[in-house]
file model-v7.txt (compact mmCIF, C-alpha atoms)
# COMPACT_ATOMS: atom_id res chain seq x y z
CA MET I 184 -6.47 19.25 -1.62
CA LYS I 185 -8.96 16.44 -1.98
CA GLY I 186 -7.78 12.85 -1.91
CA THR I 187 -9.27 9.74 -3.42
CA THR I 188 -10.50 6.49 -1.90
CA VAL I 189 -8.16 3.51 -2.26
CA GLN I 190 -8.58 -0.06 -1.13
CA LEU I 191 -5.93 -1.40 1.27
CA GLN I 192 -5.23 -5.07 1.92
CA ILE I 193 -6.01 -6.01 5.50
CA ASP I 194 -4.22 -8.93 7.13
CA SER I 195 -6.50 -11.81 7.90
CA ILE I 196 -5.88 -14.93 9.92
CA PRO I 197 -5.14 -17.87 7.59
CA VAL I 198 -7.68 -20.66 7.61
CA VAL I 199 -6.49 -24.28 7.60
CA ASP I 200 -8.40 -26.56 5.25
CA GLU I 201 -9.17 -30.25 5.88
CA PHE I 202 -5.80 -31.23 4.33
CA GLY I 203 -3.81 -29.00 6.71
CA THR I 204 -3.01 -26.36 4.08
CA GLU I 205 -3.16 -22.72 5.11
CA ILE I 206 -5.48 -20.71 2.92
CA GLU I 207 -5.05 -16.97 3.07
CA SER I 208 -7.94 -14.78 2.12
CA GLN I 209 -7.42 -11.21 1.02
CA THR I 210 -9.78 -8.67 2.41
CA PHE I 211 -9.68 -5.01 1.52
CA GLU I 212 -10.79 -1.91 3.35
CA ASP I 213 -11.57 1.47 1.84
CA VAL I 214 -9.27 4.27 3.01
CA GLU I 215 -10.62 7.70 2.13
CA ASP I 216 -8.82 10.93 1.34
CA VAL I 217 -5.50 9.41 0.22
CA LEU I 218 -3.48 11.72 -2.00
CA VAL I 219 -2.17 9.87 -5.06
CA GLY I 220 0.65 11.56 -6.95
CA GLN I 221 3.41 10.94 -9.43
CA PRO I 222 6.95 10.37 -8.10
CA SER I 223 9.71 12.82 -8.88
CA THR I 224 12.61 11.72 -11.09
CA ASP I 225 14.82 11.52 -7.98
CA ASP I 226 12.29 9.35 -6.12
CA TYR I 227 11.98 7.03 -9.11
CA THR I 228 15.77 6.67 -9.53
CA SER I 229 16.50 6.13 -5.84
CA SER I 230 13.76 3.47 -5.51
CA VAL I 231 15.27 1.48 -8.36
CA ASN I 232 18.75 1.82 -6.85
CA LEU I 233 17.69 0.94 -3.29
CA TYR I 234 14.98 -1.65 -3.81
CA GLY I 235 15.23 -2.78 -7.42
CA LYS I 236 11.60 -1.71 -7.87
CA HIS I 237 10.09 1.33 -9.50
CA ILE I 238 7.55 3.70 -8.01
CA ALA I 239 4.27 4.05 -9.89
CA TYR I 240 2.64 6.40 -7.36
CA MET I 241 3.47 8.26 -4.17
CA LEU I 242 0.71 8.01 -1.55
CA GLY I 243 -0.17 10.72 0.93
CA ILE I 244 -1.75 8.86 3.84
CA PRO I 245 -4.33 10.83 5.84
CA LYS I 246 -3.13 12.20 9.16
CA GLY I 247 -4.06 9.91 12.03
CA ASP I 248 -4.50 6.81 9.87
CA GLN I 249 -3.70 3.68 11.90
CA HIS I 250 -3.45 1.10 9.08
CA ASP I 251 -0.30 -0.91 8.39
CA TRP I 252 0.89 0.17 4.92
CA LYS I 253 4.11 -1.92 4.75
CA ASN I 254 4.22 -4.47 1.91
CA LYS I 255 0.47 -4.35 1.26
CA ILE I 256 -1.61 -4.56 -1.89
CA VAL I 257 -3.36 -1.28 -2.67
CA ILE I 258 -6.02 -0.91 -5.33
CA ILE I 259 -5.89 2.52 -6.95
CA ARG I 260 -8.43 3.36 -9.63
CA GLY I 261 -9.10 -0.34 -10.22
CA LYS I 262 -5.45 -1.43 -10.58
CA LYS I 263 -3.44 -3.43 -8.02
CA PHE I 264 -0.09 -2.19 -6.72
CA ARG I 265 2.17 -3.28 -3.85
CA THR I 266 3.62 -0.87 -1.35
CA PHE I 267 7.31 -1.04 -0.42
CA GLY I 268 9.81 0.83 1.67
CA GLU I 269 9.31 2.57 4.98
CA PRO I 270 6.27 4.82 5.24
CA LYS I 271 7.25 8.42 5.97
CA THR I 272 5.10 11.00 7.65
CA GLY I 273 4.79 14.50 6.35
CA GLU I 274 4.45 15.91 9.84
CA SER I 275 7.17 18.16 11.23
CA GLU I 276 9.03 16.89 14.26

call {"tool": "encode", "arguments": {"input": "model-v7.txt", "output": "structure tokens"}}
result
Amino acid sequence: MKGTTVQLQIDSIPVVDEFGTEIESQTFEDVEDVLVGQPSTDDYTSSVNLYGKHIAYMLGIPKGDQHDWKNKIVIIRGKKFRTFGEPKTGESE
């Protein structure tokens, strides 16, 4: 299977302006070979029941990726989405 490149929000240190207000800047990093798929009916239903949010896509993160994917903005095919829930690995224990 061949994945696609998505852009992942990277945390940046907020900058304080001359008035003492924190200004957060969003920076994004390309993550290659991410599998983007449709959720199953069960996944969709359980996400609405557990989180009150619906799943647009399920992401298959490349093995060995060290990025933080919790509650981040992800740009997939030019559209912004927000991740939620606990990331799960597909590796066997």

call {"tool": "axis_aligned_box", "arguments": {"input": "model-v7.txt", "around": "segment 201-213 of chain I", "padding_each_side": "8 Å", "output": "lines of an AutoDock Vina configuration file"}}
result
center_x = -7.3
center_y = -14.9
center_z = 3.9
size_x = 24.6
size_y = 48.7
size_z = 21.7

call {"tool": "closest_residue", "arguments": {"input": "model-v7.txt", "among": "I:Val198, I:Ile193, I:Ala239, I:Ile244", "to": "Lys263 of chain I", "atoms": "only C-alpha atoms"}}
result
I:Ala239

call {"tool": "closest_atom_pairs", "arguments": {"input": "model-v7.txt", "of": "segment 249-272 of chain I", "to": "segment 211-220 of chain I", "cutoff": "12 Å", "atoms": "all atoms listed in the file", "output": "Markdown table"}}
result
| residue | atom | partner | partner_atom | distance |
| --- | --- | --- | --- | --- |
| I:Gln249 | CA | I:Val214 | CA | 10.5 |
| I:His250 | CA | I:Val214 | CA | 9.0 |
| I:Asp251 | CA | I:Val214 | CA | 11.7 |
| I:Trp252 | CA | I:Val214 | CA | 11.1 |
| I:Lys255 | CA | I:Phe211 | CA | 10.2 |
| I:Ile256 | CA | I:Phe211 | CA | 8.8 |
| I:Val257 | CA | I:Phe211 | CA | 8.5 |
| I:Ile258 | CA | I:Phe211 | CA | 8.8 |
| I:Ile259 | CA | I:Val219 | CA | 8.5 |
| I:Arg260 | CA | I:Val219 | CA | 10.1 |
| I:Lys263 | CA | I:Phe211 | CA | 11.5 |

call {"tool": "closest_residue", "arguments": {"input": "model-v7.txt", "among": "I:Tyr240, I:Gly235, I:Thr224, I:Gln192", "to": "Gln209 of chain I", "atoms": "only C-alpha atoms"}}
result
I:Gln192

call {"tool": "atom_distance", "arguments": {"input": "model-v7.txt", "atom1": "atom CA of Thr187 of chain I", "atom2": "atom CA of Gln221 of chain I"}}
result
14.1 Å

call {"tool": "residues_around", "arguments": {"input": "model-v7.txt", "residues": "Pro197 of chain I", "least_positions_apart": "5", "cutoff": "10 Å", "atoms": "only C-alpha atoms", "output": "mmCIF file with C-alpha atoms, keeping the file's coordinate frame"}}
result
data_model
loop_
_atom_site.group_PDB
_atom_site.id
_atom_site.type_symbol
_atom_site.label_atom_id
_atom_site.label_comp_id
_atom_site.auth_asym_id
_atom_site.auth_seq_id
_atom_site.Cartn_x
_atom_site.Cartn_y
_atom_site.Cartn_z
ATOM 1 C CA THR I 204 -3.010 -26.360 4.080
ATOM 2 C CA GLU I 205 -3.160 -22.720 5.110
ATOM 3 C CA ILE I 206 -5.480 -20.710 2.920
ATOM 4 C CA GLU I 207 -5.050 -16.970 3.070
ATOM 5 C CA SER I 208 -7.940 -14.780 2.120
ATOM 6 C CA GLN I 209 -7.420 -11.210 1.020
#

call {"tool": "closest_residue", "arguments": {"input": "model-v7.txt", "among": "I:His237, I:Gly247, I:Asn254, I:Arg265", "to": "Asp194 of chain I", "atoms": "all atoms listed in the file"}}
result
I:Asn254

call {"tool": "atom_distance", "arguments": {"input": "model-v7.txt", "atom1": "atom CA of Lys246 of chain I", "atom2": "atom CA of Lys262 of chain I"}}
result
24.1 Å
